Amino acid sequence: MAIMVANDSPSGKFAGLSVNLSGVGRVSLTHALFKNSETSIYATTHAGLVLKTFDMDCGKPAELSYGPYLSYGVEVENFQDIQRIEELRSHVPAYYGSSIDTERKLGCIGMEYLEGQNLLAWCQMAAASSFPSAWAEQFRATLYETLAIVRLFHKHDIILIDFKPDNVIRLFSGAVKFVDLGAFFTPRHNRETEKYVYAATPDYAELVIDTANVQTGLPLKQGSDIFSAGIAIFEMATGGSRLTMSDECAESLLRQPGNYLFRDSQIKDIWRSYPHLADLLPLVHTQLQERRILFAELWHLLKSYLASQVAEWESLTEEQHGQMLLDTGIAFIADQLPGQLQWLAEPIARATTLRSFRLKTVADLMAMIGQPIPEAIQEDITHHNEAVQMALDLDPPVTFRQPLNVWDVRLNPQSSHWAVSTSLAASELWQVAEFTFVKELSRDEEGHRFFEIVGDLEADFFEGQKLTLRQLATDHTAWLGS
């Protein structure tokens with residue numbers, strides 16, 4: 001049980017409270033860093049630790065607000081699930097324990113303080129400077145890394161569900177971590193689908209499909225995250241999660257109610273099951289009137305529009321329907337993207353289109369974001385990089401994925417050969433990374449460090465231990481095997 005001392009403060013409702021966390025001890029909340037209606041993030045007196053608080057006060061003396069209480073329990077369980085998966089642990093904040101005080105109607109989760117910006121804020125700062133070219137290169141690499149982490153979650157059968165750019169933090173070091181774990185659909189939920197509580201932000205989800213699946217006990221699939229990823233990319237590029245539609249196009253669709261009445265009936269069904277969504281999930285009719293369209297409705301509207309405008313529509317094959325729909329959607333999305341980022345129109349379209357035409361895996365989306373290295377660099381790495389050679393000597397051998405991207409490699413000016421990032425190497429050699437010892441060889445003018453693989457007696461020391469490849473897995477200034 002948490003021990004808390006009340007202290008009213010303009011810094012937040014719970015500022016001044018003292019909380020006991022197992023393994024950490026007493027921690028005092030100093031001021032709120034972020035607040036919404038039910039949760040807040042508080043700075044604490046413990047260096048590097050923040051507390052996520054869940055306000056469970058419903059105004060009745062003997063009762064807890066069910067929603068926040070449930071959200072607290074789900075997030076604690078998800079944190080604990082991820083802590084047991086070593087490959088995922090470094091991609092979320094470190095977990096320092098949790099506590100709940102039913103008397104004060106407060107739940108707390110202790111987690112690592114992350115120094116950085118969420119992806120949306122980072123992109124908005126760049127937009128204010130018209131997306132400088134140097135930033136655009138970093139953006140592409142960060143986007144690819146973010147999707148690689150999503151793919152890693154999928155590898156362990158975890159669906160993120162509520163994936164959006166303000167739930168992803170880009171650290172000042174360049175590494176990426178995911179926060180807000182409350183909506184995850186884990187193998188535990190897959191075994192007990194009837195106990196899963198679906199929670200998603202309407203702008204990033206196909207609520208008509210996903211709520212129906214949850215209600216009938218069907219597990220959620222990767223398609224949900226691929227869809228959310230496409231919208232997240234659009235929002236990072238434009239600042240908004242909904243598309244705008246011209247007056248002419250919107251009015252044309254409004255004059256044909258058959259384009260949207262069935263979808264509106266489905267949305268009303270969702271309102272009946274989830275009354276709180278009535279203000280967050282507008283009818284398609286309303287979206288058209290406001291000229292702000294959810295991605296979940298865009299493709300249905302475009303398909304209806306094409307069916308009414310293309311004379312030979314009924315005689316076309318399903319494949320031809322899909323291609324025409326995709327081409328129209330790409331053009332529609334591209335018109336709303338800034339010039340430097342219009343290349344994102346096709347990945348966004350292929351990630352968000354109707355499920356029958358959508359990309360099947362996050363890896364497919366990553367392939368559209370990637371920026372392959374020239375063949376000459378690939379040849380140099382294949383023949384001279386010791387990390388790549390060591391991987392091939394393992395039993396069974398490991399082949400580094402190809403093509404590598406430009407952000408995966410860096411020229412070592414000392415050897416004139418190309419090194420690979422320790423992030424890439426640790427990912428490819430994860431099973432042996434903990435036992436792969438390394439030693440720094442040199443640094444370049446920008447402070448990037450180049451390492452070689454050595455025996456344990458020759459390895460550098462780091463935090464009292466011999467330095468291994470796994471310890472460099474999230475270091476964006478470390479390179480290996482040149």
# chains A, B, ... in the order shown; residues from 1 in each chain; ligands from 1

call {"tool": "residues_around", "arguments": {"residues": "A:Met368", "least_positions_apart": "2", "cutoff": "10 Å", "atoms": "only C-alpha atoms", "output": "list in words"}}
result
Tyr144, Trp343, Leu344, Glu346, Pro347, Ile348, Arg350, Ala363, Asp364, Leu365, Met366, Gly370 and Gln371 of chain A

call {"tool": "closest_atom_pairs", "arguments": {"of": "stretch 320-388 of chain A", "to": "stretch 430-453 of chain A", "cutoff": "10 Å", "atoms": "only C-alpha atoms", "output": "JSON lines"}}
result
{"residue": "A:Asn385", "atom": "CA", "partner": "A:Glu452", "partner_atom": "CA", "distance": 9.8}
{"residue": "A:Glu386", "atom": "CA", "partner": "A:Ile453", "partner_atom": "CA", "distance": 7.7}
{"residue": "A:Ala387", "atom": "CA", "partner": "A:Ile453", "partner_atom": "CA", "distance": 7.5}

call {"tool": "write_last_selection", "arguments": {"atoms": "N, CA and C atoms", "output": "mmCIF file, in the first residue's frame"}}
result
data_model
loop_
_atom_site.group_PDB
_atom_site.id
_atom_site.type_symbol
_atom_site.label_atom_id
_atom_site.label_comp_id
_atom_site.auth_asym_id
_atom_site.auth_seq_id
_atom_site.Cartn_x
_atom_site.Cartn_y
_atom_site.Cartn_z
ATOM 1 N N ASN A 385 33.754 -5.985 -43.281
ATOM 2 C CA ASN A 385 33.211 -5.688 -41.960
ATOM 3 C C ASN A 385 33.250 -6.928 -41.073
ATOM 4 N N GLU A 386 33.926 -6.833 -39.935
ATOM 5 C CA GLU A 386 34.123 -8.003 -39.090
ATOM 6 C C GLU A 386 32.838 -8.463 -38.412
ATOM 7 N N ALA A 387 31.907 -7.539 -38.154
ATOM 8 C CA ALA A 387 30.646 -7.944 -37.548
ATOM 9 C C ALA A 387 29.851 -8.826 -38.510
#

call {"tool": "residues_around", "arguments": {"residues": "A:Thr39", "least_positions_apart": "3", "cutoff": "6 Å", "atoms": "only C-alpha atoms", "output": "list in words"}}
result
Asn36, Thr53 and Phe54 of chain A

call {"tool": "select_by_dssp", "arguments": {"residues": "stretch 219-371 of chain A", "states": "strand (DSSP E or B)", "output": "PyMOL selection string"}}
result
chain A and resi 243-244+292-293

call {"tool": "atom_distance", "arguments": {"atom1": "atom CA of A:Lys303", "atom2": "atom CA of A:Thr353"}}
result
10.4 Å

call {"tool": "closest_residue", "arguments": {"among": "A:Val406, A:Val19, A:Leu181, A:Ile373", "to": "A:Val74", "atoms": "only C-alpha atoms"}}
result
A:Leu181

call {"tool": "residues_around", "arguments": {"residues": "A:Asn167", "least_positions_apart": "6", "cutoff": "9 Å", "atoms": "only C-alpha atoms", "output": "list in words"}}
result
Asn118, Leu119, Leu120, Lys177, Phe178, Val179, Asp180 and Leu181 of chain A

call {"tool": "write_last_selection", "arguments": {"atoms": "N, CA, C and O atoms", "output": "tab-separated table (two decimals), in the first residue's frame"}}
result
chain	number	residue	atom	x	y	z
A	118	ASN	N	8.33	14.14	-27.99
A	118	ASN	CA	7.53	13.19	-28.74
A	118	ASN	C	7.63	13.53	-30.22
A	118	ASN	O	7.99	14.65	-30.60
A	119	LEU	N	7.37	12.55	-31.05
A	119	LEU	CA	7.60	12.72	-32.49
A	119	LEU	C	6.78	13.85	-33.09
A	119	LEU	O	7.24	14.55	-34.01
A	120	LEU	N	5.56	14.06	-32.58
A	120	LEU	CA	4.73	15.12	-33.13
A	120	LEU	C	5.34	16.49	-32.84
A	120	LEU	O	5.44	17.34	-33.74
A	177	LYS	N	11.86	5.62	-28.02
A	177	LYS	CA	11.19	4.77	-27.03
A	177	LYS	C	9.69	5.01	-27.09
A	177	LYS	O	9.23	6.12	-27.36
A	178	PHE	N	8.94	3.96	-26.78
A	178	PHE	CA	7.48	4.01	-26.80
A	178	PHE	C	6.96	4.21	-25.38
A	178	PHE	O	7.45	3.57	-24.44
A	179	VAL	N	5.98	5.07	-25.23
A	179	VAL	CA	5.35	5.32	-23.93
A	179	VAL	C	3.85	5.07	-24.06
A	179	VAL	O	3.34	4.85	-25.15
A	180	ASP	N	3.17	5.10	-22.93
A	180	ASP	CA	1.72	4.87	-22.87
A	180	ASP	C	1.38	3.47	-23.36
A	180	ASP	O	0.98	3.26	-24.50
A	181	LEU	N	1.55	2.50	-22.47
A	181	LEU	CA	1.39	1.10	-22.83
A	181	LEU	C	-0.01	0.56	-22.54
A	181	LEU	O	-0.23	-0.64	-22.57

call {"tool": "select_by_dssp", "arguments": {"residues": "stretch 137-294 of chain A", "states": "alpha helix (DSSP H)", "output": "NGL selection string"}}
result
:A and (137-155 or 187-191 or 207-215 or 222-238 or 247-254 or 261-273 or 284-290)

call {"tool": "residues_around", "arguments": {"residues": "A:Gly107", "least_positions_apart": "3", "cutoff": "10 Å", "atoms": "only C-alpha atoms", "output": "PyMOL selection string"}}
result
chain A and resi 2+39+51-56+68-69+71-73+98-102+104

call {"tool": "atom_distance", "arguments": {"atom1": "atom CA of A:Tyr96", "atom2": "atom CA of A:Cys58"}}
result
27.2 Å

call {"tool": "residues_around", "arguments": {"residues": "stretch 305-315 of chain A", "least_positions_apart": "6", "cutoff": "10 Å", "atoms": "only C-alpha atoms", "output": "JSON, numbers by chain"}}
result
{"A": [249, 252, 253, 256, 259, 299, 321, 324, 325, 328]}

call {"tool": "write_last_selection", "arguments": {"atoms": "C-alpha atoms", "output": "short mmCIF file (atom, residue, chain, number, x, y, z; two decimals), in the first residue's frame"}}
result
data_model
loop_
_atom_site.label_atom_id
_atom_site.label_comp_id
_atom_site.auth_asym_id
_atom_site.auth_seq_id
_atom_site.Cartn_x
_atom_site.Cartn_y
_atom_site.Cartn_z
CA CYS A 249 -15.86 17.15 -53.67
CA SER A 252 -20.80 16.11 -54.50
CA LEU A 253 -20.65 13.28 -51.97
CA GLN A 256 -25.49 11.18 -52.83
CA ASN A 259 -22.16 7.11 -50.24
CA TRP A 299 -11.27 5.00 -48.67
CA HIS A 321 -10.70 -1.40 -58.39
CA MET A 324 -7.64 2.84 -59.20
CA LEU A 325 -8.64 3.49 -55.60
CA THR A 328 -6.75 8.29 -56.44
#

call {"tool": "atom_distance", "arguments": {"atom1": "atom CA of A:Lys35", "atom2": "atom CA of A:Gln80"}}
result
23.8 Å

call {"tool": "closest_residue", "arguments": {"among": "A:Leu411, A:Leu469, A:Val50, A:Leu424", "to": "A:Asp456", "atoms": "only C-alpha atoms"}}
result
A:Leu469

call {"tool": "residues_around", "arguments": {"residues": "A:Ser28", "least_positions_apart": "4", "cutoff": "9 Å", "atoms": "only C-alpha atoms", "output": "list in words"}}
result
Met4, Ala15, Gly16, Leu17, Ser18, Val19, Asn20, Ala43, Thr44, Thr45 and His46 of chain A

call {"tool": "closest_residue", "arguments": {"among": "A:Leu404, A:Leu171, A:Ala32, A:Ala426", "to": "A:Glu379", "atoms": "only C-alpha atoms"}}
result
A:Leu404

call {"tool": "closest_atom_pairs", "arguments": {"of": "stretch 102-137 of chain A", "to": "stretch 226-236 of chain A", "cutoff": "10 Å", "atoms": "only C-alpha atoms", "output": "CSV"}}
result
residue,atom,partner,partner_atom,distance
A:Leu119,CA,A:Met236,CA,7.2
A:Leu120,CA,A:Met236,CA,5.5
A:Ala121,CA,A:Met236,CA,8.6
A:Trp122,CA,A:Met236,CA,8.6
A:Cys123,CA,A:Met236,CA,5.7
A:Gln124,CA,A:Met236,CA,7.4
A:Ala126,CA,A:Met236,CA,10.0
A:Ala127,CA,A:Met236,CA,9.3

call {"tool": "closest_residue", "arguments": {"among": "A:Leu147, A:Trp418, A:Ser273, A:Gly174", "to": "A:Ala376", "atoms": "only C-alpha atoms"}}
result
A:Trp418
